[in-house]
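Colleague: My structure file data-v8.cif, mmCIF, C-alpha atoms, is below:
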data_data
#
loop_
_atom_site.label_atom_id
_atom_site.label_comp_id
_atom_site.auth_asym_id
_atom_site.auth_seq_id
_atom_site.Cartn_x
_atom_site.Cartn_y
_atom_site.Cartn_z
CA MET A 1 0.00 0.00 0.00
CA TYR A 2 1.05 3.54 -0.70
CA THR A 3 0.22 6.71 1.16
CA VAL A 4 -1.79 9.33 -0.69
CA GLU A 5 1.23 11.65 -0.67
CA GLU A 6 3.63 9.03 -2.05
CA LEU A 7 1.29 7.93 -4.79
CA SER A 8 0.35 11.45 -5.83
CA LYS A 9 4.05 12.40 -6.20
CA VAL A 10 4.75 9.36 -8.40
CA LEU A 11 1.61 9.90 -10.47
CA LYS A 12 2.67 13.51 -11.11
CA VAL A 13 6.01 12.28 -12.41
CA LEU A 14 4.29 9.63 -14.54
CA GLY A 15 1.81 12.18 -15.90
CA ASP A 16 4.19 13.47 -18.57
CA PRO A 17 4.19 11.89 -22.07
CA THR A 18 7.95 12.28 -22.50
CA ARG A 19 8.71 10.57 -19.20
CA LEU A 20 6.26 7.75 -19.95
CA THR A 21 7.88 7.19 -23.33
CA MET A 22 11.32 7.13 -21.70
CA LEU A 23 10.14 4.51 -19.22
CA LYS A 24 8.58 2.47 -22.02
CA GLN A 25 11.92 2.46 -23.86
CA MET A 26 13.71 1.38 -20.67
CA GLU A 27 11.30 -1.50 -20.30
CA ALA A 28 13.44 -3.31 -22.88
CA GLY A 29 16.59 -2.67 -20.86
CA GLU A 30 19.17 -0.10 -19.89
CA GLN A 31 19.32 3.06 -21.99
CA CYS A 32 22.02 5.67 -22.33
CA ALA A 33 20.96 9.27 -21.77
CA CYS A 34 22.35 10.06 -25.23
CA SER A 35 19.70 7.85 -26.82
CA PHE A 36 16.95 10.06 -25.40
CA VAL A 37 18.59 13.19 -26.76
CA ASP A 38 18.51 11.55 -30.20
CA CYS A 39 14.87 10.45 -29.81
CA PHE A 40 13.05 13.53 -28.60
CA ASP A 41 12.83 16.94 -30.17
CA ILE A 42 13.88 18.68 -26.95
CA SER A 43 17.17 19.94 -25.55
CA GLN A 44 19.68 17.85 -23.64
CA PRO A 45 19.04 19.86 -20.42
CA ALA A 46 15.32 19.09 -20.73
CA ILE A 47 16.10 15.37 -21.15
CA SER A 48 18.32 15.53 -18.07
CA ARG A 49 15.55 17.19 -16.09
CA HIS A 50 13.06 14.45 -17.04
CA LEU A 51 15.56 11.74 -16.07
CA LYS A 52 16.32 13.51 -12.80
CA MET A 53 12.63 13.62 -11.90
CA LEU A 54 12.25 9.90 -12.62
CA ARG A 55 15.36 9.12 -10.59
CA GLN A 56 14.27 11.30 -7.65
CA ALA A 57 10.91 9.52 -7.63
CA GLY A 58 12.85 6.29 -7.20
CA LEU A 59 11.72 4.87 -10.53
CA LEU A 60 15.18 4.76 -12.15
CA LEU A 61 18.68 3.69 -11.28
CA GLU A 62 21.72 5.14 -13.01
CA ARG A 63 25.12 3.78 -13.88
CA ARG A 64 28.00 5.99 -14.97
CA ASP A 65 30.49 4.83 -17.57
CA LYS A 66 33.03 7.57 -18.27
CA GLN A 67 31.03 10.48 -19.73
CA TRP A 68 27.93 8.35 -20.38
CA ILE A 69 25.08 7.79 -17.94
CA HIS A 70 22.92 4.70 -18.36
CA TYR A 71 19.46 4.42 -16.84
CA ARG A 72 17.28 1.42 -16.04
CA LEU A 73 14.03 0.78 -14.26
CA ASN A 74 14.42 0.40 -10.50
CA GLU A 75 13.09 -3.08 -9.82
CA THR A 76 13.42 -2.52 -6.06
CA SER A 77 11.12 0.50 -6.04
CA PRO A 78 7.83 -0.05 -4.24
CA PHE A 79 6.23 1.50 -7.33
CA TYR A 80 7.84 -0.94 -9.77
CA PRO A 81 4.73 -3.18 -10.04
CA LEU A 82 2.57 -0.12 -10.70
CA VAL A 83 4.97 1.20 -13.34
CA THR A 84 5.29 -2.12 -15.15
CA ASP A 85 1.52 -2.52 -15.16
CA LEU A 86 1.10 0.95 -16.65
CA LEU A 87 3.79 0.31 -19.25
CA ALA A 88 2.22 -3.01 -20.23
CA ASN A 89 -0.96 -1.11 -21.09
CA LEU A 90 0.80 1.75 -22.86
CA GLU A 91 0.68 1.91 -26.62
CA THR A 92 3.44 4.04 -28.09
CA THR A 93 3.80 5.45 -31.56
CA GLU A 94 7.34 6.71 -31.00
CA PRO A 95 10.02 5.09 -33.15
CA SER A 96 12.61 3.08 -31.31
CA CYS A 97 15.82 5.01 -31.01
CA ASP A 98 19.37 3.84 -30.95
CA CYS A 99 22.21 5.26 -28.94
CA GLU A 100 25.10 6.99 -30.64
CA PRO A 101 27.57 4.48 -32.10
CA ASN A 102 30.41 5.71 -29.85
CA CYS A 103 28.36 5.32 -26.68
CA ALA A 104 29.80 2.64 -24.43
CA ILE A 105 26.72 0.52 -23.68
#
Reformat the file's structure so that it appears as structure tokens.

Modeller:
Amino acid sequence: MYTVEELSKVLKVLGDPTRLTMLKQMEAGEQCACSFVDCFDISQPAISRHLKMLRQAGLLLERRDKQWIHYRLNETSPFYPLVTDLLANLETTEPSCDCEPNCAI
């Protein structure tokens, strides 16, 4: 069970189409931040802000590899079952995006 405050904070973070699409892409596995910059028609600082919000909500984990930051769903989050259920019911029309060739995934 979640408190009203906890759930409302997570739902606010999940209420953005860009963040939902990012999570949907991470459903397949770890993604480099650079892949999101290539996918969305928004600036790198905006991508970083979205990723920061997801991380602060406890929905993502990050791994640094030199200058690259890789993100994945946080399977230990108490909200993980909720997120995976939402993603399973999410239909996306966004093309799949690939990371830059020189990214060290």

Colleague: Taking the file as shown, what set of residues would the PyMOL selection byres ((chain A and resi 18) around 10) give back, as a list in words?

Modeller: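 Applied to this file, the PyMOL selection byres ((chain A and resi 18) around 10) returns Leu14, Gly15, Asp16, Pro17, Arg19, Leu20, Thr21, Met22, Leu23, Lys24, Phe36, Phe40, Ile42, Ile47, His50 and Leu51 of chain A.
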
Colleague: Leaving out Thr84 of chain A and any residue of its chain fewer than 4 positions from it, which residues lie within 12 Å of it when counting only C-alpha atoms, given as a PyMOL selection string?

Modeller: chain A and resi 14+20+23-28+59+73-75+77-80+88-90

Colleague: Can you work out the spacing between atom CA of Ser48 of chain A and atom CA of Lys12 of chain A in Å, to one decimal?

Modeller: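 Between atom CA of Ser48 of chain A and atom CA of Lys12 of chain A the gap is 17.2 Å.
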
Colleague: Atom CA of Leu61 of chain A to atom CA of Thr76 of chain A: how many Å, to one decimal?

Modeller: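 Spanning atom CA of Leu61 of chain A to atom CA of Thr76 of chain A is a straight-line distance of 9.7 Å.
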
Colleague: Between A:Cys34, A:Glu91, A:Leu82, A:Ala57, which one has atoms that come closest to Glu6 of chain A, using only C-alpha atoms?

Modeller: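 Smallest distance to Glu6 of chain A is found for A:Ala57.
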
Colleague: Expand the PyMOL selection byres ((chain A and resi 32) around 7) into the explicit residue set it covers here, and present it as an MDAnalysis selection string.

Modeller: chainID A and resid 30:31 33:35 68:71 99

Colleague: Can you tell me how far atom CA of Met1 of chain A sits from atom CA of Val13 of chain A, in Å to one decimal?

Modeller: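 Computed distance, atom CA of Met1 of chain A to atom CA of Val13 of chain A, equals 18.5 Å.
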
Colleague: For each of A:Gly29, A:Val10, A:Val37, A:Asp85, take the minimum atom-to-atom distance to Leu54 of chain A, counting all atoms listed in the file, then give the residue where this is smallest.

Modeller: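 For Leu54 of chain A, the nearest of the candidates is A:Val10.
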
Colleague: Quick one: what's the axis-aligned box for segment 14-22 of chain A, all listed atoms, 6 Å on every side, centre and edges in Å to one decimal, as AutoDock Vina command-line options?

Modeller:
--center_x 6.6 --center_y 10.3 --center_z -18.9 --size_x 21.5 --size_y 18.3 --size_z 20.8
